[in-house]
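Peer 1: Pasting a structure here, questions to come.
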Amino acid sequence: MRAHPAGPLHGNISPPSAAGAPPAELGVLDPQVWPRSARRVDGELHLGGRAVTDLAREHGTPLFVLDEDDFRSRAAEFAAAFTGGDVHYASKAFLCGQVARWIAADGLNLDATSGNELAVALAAGFPAGRIALHGNNKSLVELRAAVDAGVGRIVLDSFDEIDRLVPLAAARTAAGADPVAVMIRTTVGIEAHTHEFIATAHEDQKFGFSLATGDALEAARRVVSEPALHLAGLHSHIGSQIFDTAGFEAAAHRVVGLMGAVREATGQVLEELNLGGGFGIAYLPDDDPVGAADVAGRLRAVVAAECAELGLPVPRLAVEPGRAIAGPGTVTLYEIGTIKPVRLGASGSPGTPLVRNYVSVDGGMSDNIRTALYDAAYTCVLANRSSDAPPALCRVVGKHCESGDILVRDLWLPSDVQPGDLLAVAATGAYCWSMASNYNYLLKPPVVAVRDGVATEIVRRQTLSDVFALDAVLADRPAPSPAIDQPAPEHPAGATS
Ligand SMILES: *Cc1c(COP(=O)(O)O)cnc(C)c1O
C-alpha cells in the first residue's frame, strides 16, 4: 500500500482543460446527440411533446425517458437499408416487453444473449423464428429452451456447445422437425475501436472460433457432418461504438475467405453472412457516426467484391445493431441534490482559484455504469429551465459510495445550477438500464416512453418491496415506501427560483 497526499496522483483527477473551452451558448441541444423530438419550450426541455418537469413529477427521478419515434425510426432505417438482408436488434442494449413488440412490429429480428433475454422476447410474443441466440456459455437449459421454442438461429461459440446441442437437435429431427439452423461465430482477428481497428495475431478473448488456428473451419466441418444441424452461415462481431467501416470491411474479407474454405472442405455453399453490430452513435457533439444507409452500402459492396474474387454467390447479409437503435433516443433525468465547489490545485487567471463543481444527482453508477466501466463520455444539460449564467466547470456525479461514480466527467453548466434543478444526460438508451444494479440498494429507475404528448411507463420503478422480497429475513417485512410522488417540500422536482 502506498499513501500520498491527495491531489493530482489520484486516478479521478483529469485536467480542467478536459472540458474544453466553454461553448458560446450552454444548454444547446445538438441534434446528433439528443432524441429527435427534443426541444426547448420556454427554456424547458420537452421530449416526445412532454415537459421534463411534468415527467419528473409524475414518475420521479432518476428516470429514463425514451422517445418512441426516435427508437422506432432508427430501427426502420436499418431495416430499410438492409432490405434483402436481415437486421437483428441486439436486445442486450435494452429489452423489455414493449421494445420486443416494437421490434417485432417493425419487421426486425432479435438477438438474445441469454435464456432469460430469450424468455422476455418470447413472453412478449416475439416470433421465435426471428430470434437468434448468442452467448459463449449457453447452458443445456438455455439450448433446450431455444430448440423447443424453435428459434431461427443458434450462433455457435464453442465445441462444447456443439456437443451439448447435437443430442437436443437430434431428438427434434427424430420427431420429424427440420434440422436446427446454426451460425458459426468466427473470431477473425480484427478488433475495432472507436476510430481505428487492429488486427491481433492471436485472438485473446472468450468469444467465437478462431479463424487463424483453424478452429472455425473445424467447427464448420463438424456441423456439416451432423444431420440434425444445418449450417446457415458464418458470423463475426468485431466490437462496439465503431465510427468507420474499415474494420467491418477487413472482417468481411476474412470471413468471406472462410466461406471459400468451407466450400472447399465440405462442398457446402453458405447462404448467410452476419457481420455483427457495433455501429457507433454520437454521445458528444463531436462524434460523427455513419448512418445505416452508408453502412449498408459499404458492407454490400465489400462483400460482393470479396465473393466475386472467390467465385462465391453473394450471401444474404445480416447485421446486429443494438446501440445504434436504442442509444440515441433515450435520456436520463436526474434531480440535483448537492453542489460542492472543489478547489483545484492549479489556478486560472492570476488570483482566481480554479474550481470544479461536483454536482451530485439522485442516481449514478447503478443506472449508468458505463463511465466507471469504460470511461465512457456523456454530455448533459440543465433541463428544467435555460440560464444565461456564465459557465462553470462541473463534474456530474452520482450518490454511490465510490469516487469513480461519475456520470459526466467534465463539462460546463450554468453557474446558477442549484439543488432541485433537473439534469438530462443524453444518449443513455443502450447499456444503461440493461446494466443497472442495486448497488447501495438504490432502485432501478422506470422507463417512460414518450410520443405525441403521451407518456407511458413501459418499465415501472423497482420498489424496496421488490428488493425485500428476495431477502430471507426481510421478505415479510413492510418496506418503507420512498414516496417519489411526494418530493421533499424544500426541493420539489424541477423547482426553479
Ligand atoms: C453486443 C453485440 C451486438 C450489439 O453491439 P452494439 O454495439 O450495441 O451495436 C451485436 N452482436 C453481438 C454478437 C454482440 O455481442
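In the C-alpha cells, chains take the letters A, B, ... in the order shown, each chain's residues start at 1, and ligands count up from 1 in the order shown.
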Counting only C-alpha atoms, what is within 7 Å of range 395-406 of chain A, bar same-chain residues fewer than 6 positions away, as a PyMOL selection string?
Peer 2: chain A and resi 12+356-365+371-372+440
Peer 1: List every residue of chain A that has an atom at most 6 Å from any atom of ligand 1, giving for each one its closest atom pair and the distance in Å to one decimal, counting only C-alpha atoms and all ligand atoms, sorted by chain and then by ascending residue number, as JSON lines.
Peer 2:
```
{"residue": "A:Ala90", "atom": "CA", "partner": "ligand 1", "partner_atom_place_in_ligand_line": "4 (C)", "distance": 4.9}
{"residue": "A:Ala93", "atom": "CA", "partner": "ligand 1", "partner_atom_place_in_ligand_line": "8 (O)", "distance": 5.6}
{"residue": "A:His237", "atom": "CA", "partner": "ligand 1", "partner_atom_place_in_ligand_line": "13 (C)", "distance": 5.3}
{"residue": "A:Ser240", "atom": "CA", "partner": "ligand 1", "partner_atom_place_in_ligand_line": "7 (O)", "distance": 3.9}
{"residue": "A:Gln241", "atom": "CA", "partner": "ligand 1", "partner_atom_place_in_ligand_line": "7 (O)", "distance": 5.4}
{"residue": "A:Gly276", "atom": "CA", "partner": "ligand 1", "partner_atom_place_in_ligand_line": "11 (N)", "distance": 4.5}
{"residue": "A:Gly277", "atom": "CA", "partner": "ligand 1", "partner_atom_place_in_ligand_line": "10 (C)", "distance": 3.8}
{"residue": "A:Gly278", "atom": "CA", "partner": "ligand 1", "partner_atom_place_in_ligand_line": "7 (O)", "distance": 3.3}
{"residue": "A:Phe279", "atom": "CA", "partner": "ligand 1", "partner_atom_place_in_ligand_line": "9 (O)", "distance": 5.2}
{"residue": "A:Glu320", "atom": "CA", "partner": "ligand 1", "partner_atom_place_in_ligand_line": "10 (C)", "distance": 4.6}
{"residue": "A:Pro321", "atom": "CA", "partner": "ligand 1", "partner_atom_place_in_ligand_line": "9 (O)", "distance": 3.8}
{"residue": "A:Gly322", "atom": "CA", "partner": "ligand 1", "partner_atom_place_in_ligand_line": "8 (O)", "distance": 3.4}
{"residue": "A:Arg323", "atom": "CA", "partner": "ligand 1", "partner_atom_place_in_ligand_line": "8 (O)", "distance": 3.7}
{"residue": "A:Ala324", "atom": "CA", "partner": "ligand 1", "partner_atom_place_in_ligand_line": "9 (O)", "distance": 5.9}
```
Peer 1: Selected residues, C-alpha atoms, written as a PDB file, in the first residue's frame, please.
Peer 2:
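File part-v8.pdb, as written:
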```pdb
ATOM      1  CA  ALA A  90     -29.164  -6.749 -30.268  1.00  0.00           C
ATOM      2  CA  ALA A  93     -28.684  -2.946 -25.355  1.00  0.00           C
ATOM      3  CA  HIS A 237     -18.756  -9.296 -34.469  1.00  0.00           C
ATOM      4  CA  SER A 240     -18.664  -1.689 -30.353  1.00  0.00           C
ATOM      5  CA  GLN A 241     -19.075   2.050 -30.860  1.00  0.00           C
ATOM      6  CA  GLY A 276     -22.491  -8.296 -36.215  1.00  0.00           C
ATOM      7  CA  GLY A 277     -23.165  -4.958 -34.592  1.00  0.00           C
ATOM      8  CA  GLY A 278     -21.107  -2.181 -33.117  1.00  0.00           C
ATOM      9  CA  PHE A 279     -22.189   0.831 -35.179  1.00  0.00           C
ATOM     10  CA  GLU A 320     -26.933  -6.727 -35.381  1.00  0.00           C
ATOM     11  CA  PRO A 321     -27.194  -3.119 -34.264  1.00  0.00           C
ATOM     12  CA  GLY A 322     -28.040  -2.580 -30.599  1.00  0.00           C
ATOM     13  CA  ARG A 323     -26.679   0.792 -29.522  1.00  0.00           C
ATOM     14  CA  ALA A 324     -27.402   2.436 -32.888  1.00  0.00           C
TER      15      ALA A 324
END
```
Peer 1: List every residue of range 264-374 of chain A that has an atom at most 7 Å from any atom of range 61-84 of chain A, giving for each one its closest atom pair and the distance in Å to one decimal, counting only C-alpha atoms, sorted by chain and then by ascending residue number, as a tab-separated table.
Peer 2:
```
residue	atom	partner	partner_atom	distance
A:Ala292	CA	A:Phe78	CA	5.4
A:Ala293	CA	A:Ala81	CA	4.9
A:Ala296	CA	A:Ala81	CA	5.9
A:Ile325	CA	A:Arg74	CA	5.2
A:Ala326	CA	A:Phe71	CA	5.7
A:Gly329	CA	A:Asp70	CA	5.1
A:Thr330	CA	A:Leu66	CA	4.3
A:Val331	CA	A:Val65	CA	5.4
A:Thr332	CA	A:Phe64	CA	4.5
A:Leu333	CA	A:Leu63	CA	5.1
A:Tyr334	CA	A:Pro62	CA	4.7
A:Glu335	CA	A:Thr61	CA	6.4
A:Asp362	CA	A:Pro62	CA	6.3
A:Gly363	CA	A:Pro62	CA	5.8
```
Peer 1: Give me the residues within 10 Å of Asp160 in chain A as a PyMOL selection string, counting only C-alpha atoms and dropping any in the same chain fewer than 4 places off.
Peer 2: chain A and resi 137-138+156+164-165
Peer 1: Write to file, as an mmCIF file, in the first residue's frame, the residues of the selection just made, with N, CA, C and O atoms.
Peer 2:
```
data_model
loop_
_atom_site.group_PDB
_atom_site.id
_atom_site.type_symbol
_atom_site.label_atom_id
_atom_site.label_comp_id
_atom_site.auth_asym_id
_atom_site.auth_seq_id
_atom_site.Cartn_x
_atom_site.Cartn_y
_atom_site.Cartn_z
ATOM 1 N N ASN A 137 -21.400 -19.159 -23.368
ATOM 2 C CA ASN A 137 -21.569 -20.247 -22.400
ATOM 3 C C ASN A 137 -23.050 -20.547 -22.239
ATOM 4 O O ASN A 137 -23.622 -20.368 -21.176
ATOM 5 N N LYS A 138 -23.647 -20.988 -23.333
ATOM 6 C CA LYS A 138 -25.070 -21.329 -23.262
ATOM 7 C C LYS A 138 -25.206 -22.650 -22.517
ATOM 8 O O LYS A 138 -24.537 -23.624 -22.837
ATOM 9 N N LEU A 156 -23.304 -20.594 -32.774
ATOM 10 C CA LEU A 156 -22.411 -21.485 -32.022
ATOM 11 C C LEU A 156 -21.120 -20.773 -31.673
ATOM 12 O O LEU A 156 -20.555 -20.044 -32.484
ATOM 13 N N ARG A 164 -23.198 -30.202 -26.800
ATOM 14 C CA ARG A 164 -24.403 -30.038 -25.982
ATOM 15 C C ARG A 164 -25.649 -29.952 -26.871
ATOM 16 O O ARG A 164 -26.715 -30.425 -26.504
ATOM 17 N N LEU A 165 -25.495 -29.318 -28.016
ATOM 18 C CA LEU A 165 -26.659 -29.061 -28.869
ATOM 19 C C LEU A 165 -27.066 -30.284 -29.697
ATOM 20 O O LEU A 165 -28.268 -30.509 -29.919
#
```
Peer 1: Please list as a ChimeraX atom specification every residue within 7 Å of Leu317 in chain A, counting only C-alpha atoms and excluding residues in the same chain fewer than 3 positions away.
Peer 2: /A:85-86,272-274
Peer 1: Go ahead and write the residues just picked, C-alpha atoms, as a PDB file, in the first residue's frame.
Peer 2:
```
ATOM      1  CA  GLY A  85     -30.937  -8.992 -45.726  1.00  0.00           C
ATOM      2  CA  ASP A  86     -31.689  -9.221 -42.015  1.00  0.00           C
ATOM      3  CA  GLU A 272     -25.770 -16.202 -44.935  1.00  0.00           C
ATOM      4  CA  LEU A 273     -23.138 -13.809 -43.609  1.00  0.00           C
ATOM      5  CA  ASN A 274     -23.685 -11.928 -40.364  1.00  0.00           C
TER       6      ASN A 274
END
```
Peer 1: To one decimal place, how far is CA of Pro390 in chain A from CA of Pro341 in chain A in Å?
Peer 2: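 Interatomic distance, CA of Pro390 in chain A to CA of Pro341 in chain A: 15.3 Å.
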Peer 1: Within range 212-305 of chain A, find each residue whose DSSP state, derived from the backbone, is strand (DSSP E or B), and express the selection as a list of chain:residue names.
Peer 2: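 Here are the strand (DSSP E or B) residues of range 212-305 of chain A: A:Leu229, A:His230, A:Leu231, A:Ala232, A:Gly233, A:Leu234, A:His235, A:Gly239, A:Ile242, A:Glu272, A:Leu273, A:Asn274, A:Phe279.
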Peer 1: Using only C-alpha atoms, which protein or nucleic acid residues come within 9 Å of Leu411 in chain A? Drop anything in the same chain fewer than 5 positions from it, and give the result as a short mmCIF file (atom, residue, chain, number, x, y, z; two decimals) with all heavy atoms, in the first residue's frame.
Peer 2:
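What landed in part_23.cif:
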```
data_model
loop_
_atom_site.label_atom_id
_atom_site.label_comp_id
_atom_site.auth_asym_id
_atom_site.auth_seq_id
_atom_site.Cartn_x
_atom_site.Cartn_y
_atom_site.Cartn_z
N ALA A 18 -9.78 19.24 -19.84
CA ALA A 18 -10.50 18.15 -20.48
C ALA A 18 -11.91 18.56 -20.87
O ALA A 18 -12.53 17.95 -21.74
CB ALA A 18 -10.54 16.93 -19.55
N ALA A 19 -12.44 19.58 -20.21
CA ALA A 19 -13.79 20.03 -20.56
C ALA A 19 -13.77 20.88 -21.82
O ALA A 19 -14.82 21.21 -22.36
CB ALA A 19 -14.38 20.84 -19.41
N GLY A 20 -12.60 21.25 -22.31
CA GLY A 20 -12.51 22.13 -23.47
C GLY A 20 -12.90 23.55 -23.08
O GLY A 20 -13.16 23.83 -21.92
N PRO A 22 -15.35 26.69 -22.75
CA PRO A 22 -16.82 26.76 -22.60
C PRO A 22 -17.46 27.11 -23.94
O PRO A 22 -16.94 27.93 -24.67
CB PRO A 22 -17.03 27.88 -21.58
CG PRO A 22 -15.70 28.38 -21.18
CD PRO A 22 -14.64 27.67 -21.96
N THR A 379 -22.75 13.69 -22.23
CA THR A 379 -22.98 15.10 -22.01
C THR A 379 -24.35 15.27 -21.37
O THR A 379 -25.19 14.37 -21.42
CB THR A 379 -22.87 15.92 -23.31
OG1 THR A 379 -22.88 17.32 -22.97
CG2 THR A 379 -24.02 15.64 -24.27
N CYS A 380 -24.56 16.40 -20.74
CA CYS A 380 -25.87 16.65 -20.16
C CYS A 380 -26.18 18.13 -20.20
O CYS A 380 -25.29 18.95 -20.47
CB CYS A 380 -25.94 16.11 -18.72
SG CYS A 380 -25.08 17.09 -17.51
N ALA A 392 -19.76 27.29 -15.62
CA ALA A 392 -18.93 26.83 -14.52
C ALA A 392 -18.46 25.43 -14.83
O ALA A 392 -19.22 24.60 -15.35
CB ALA A 392 -19.73 26.84 -13.22
N LEU A 393 -17.19 25.15 -14.52
CA LEU A 393 -16.63 23.82 -14.75
C LEU A 393 -17.27 22.84 -13.78
O LEU A 393 -17.25 23.05 -12.57
CB LEU A 393 -15.11 23.87 -14.54
CG LEU A 393 -14.36 22.58 -14.80
CD1 LEU A 393 -14.43 22.21 -16.28
CD2 LEU A 393 -12.91 22.73 -14.34
N CYS A 394 -17.85 21.76 -14.31
CA CYS A 394 -18.60 20.84 -13.45
C CYS A 394 -18.22 19.40 -13.72
O CYS A 394 -17.71 19.05 -14.79
CB CYS A 394 -20.11 21.00 -13.70
SG CYS A 394 -20.76 22.57 -13.13
N ARG A 395 -18.50 18.59 -12.74
CA ARG A 395 -18.46 17.14 -12.89
C ARG A 395 -19.75 16.62 -12.28
O ARG A 395 -20.07 16.94 -11.13
CB ARG A 395 -17.23 16.58 -12.17
CG ARG A 395 -17.20 15.06 -12.15
CD ARG A 395 -15.83 14.53 -11.75
NE ARG A 395 -14.83 14.86 -12.76
CZ ARG A 395 -13.52 14.72 -12.59
NH1 ARG A 395 -13.05 14.26 -11.44
NH2 ARG A 395 -12.68 15.04 -13.55
N VAL A 396 -20.49 15.82 -13.07
CA VAL A 396 -21.76 15.31 -12.57
C VAL A 396 -21.51 13.92 -11.99
O VAL A 396 -21.01 13.03 -12.69
CB VAL A 396 -22.82 15.26 -13.69
CG1 VAL A 396 -24.13 14.68 -13.16
CG2 VAL A 396 -23.04 16.65 -14.27
#
```
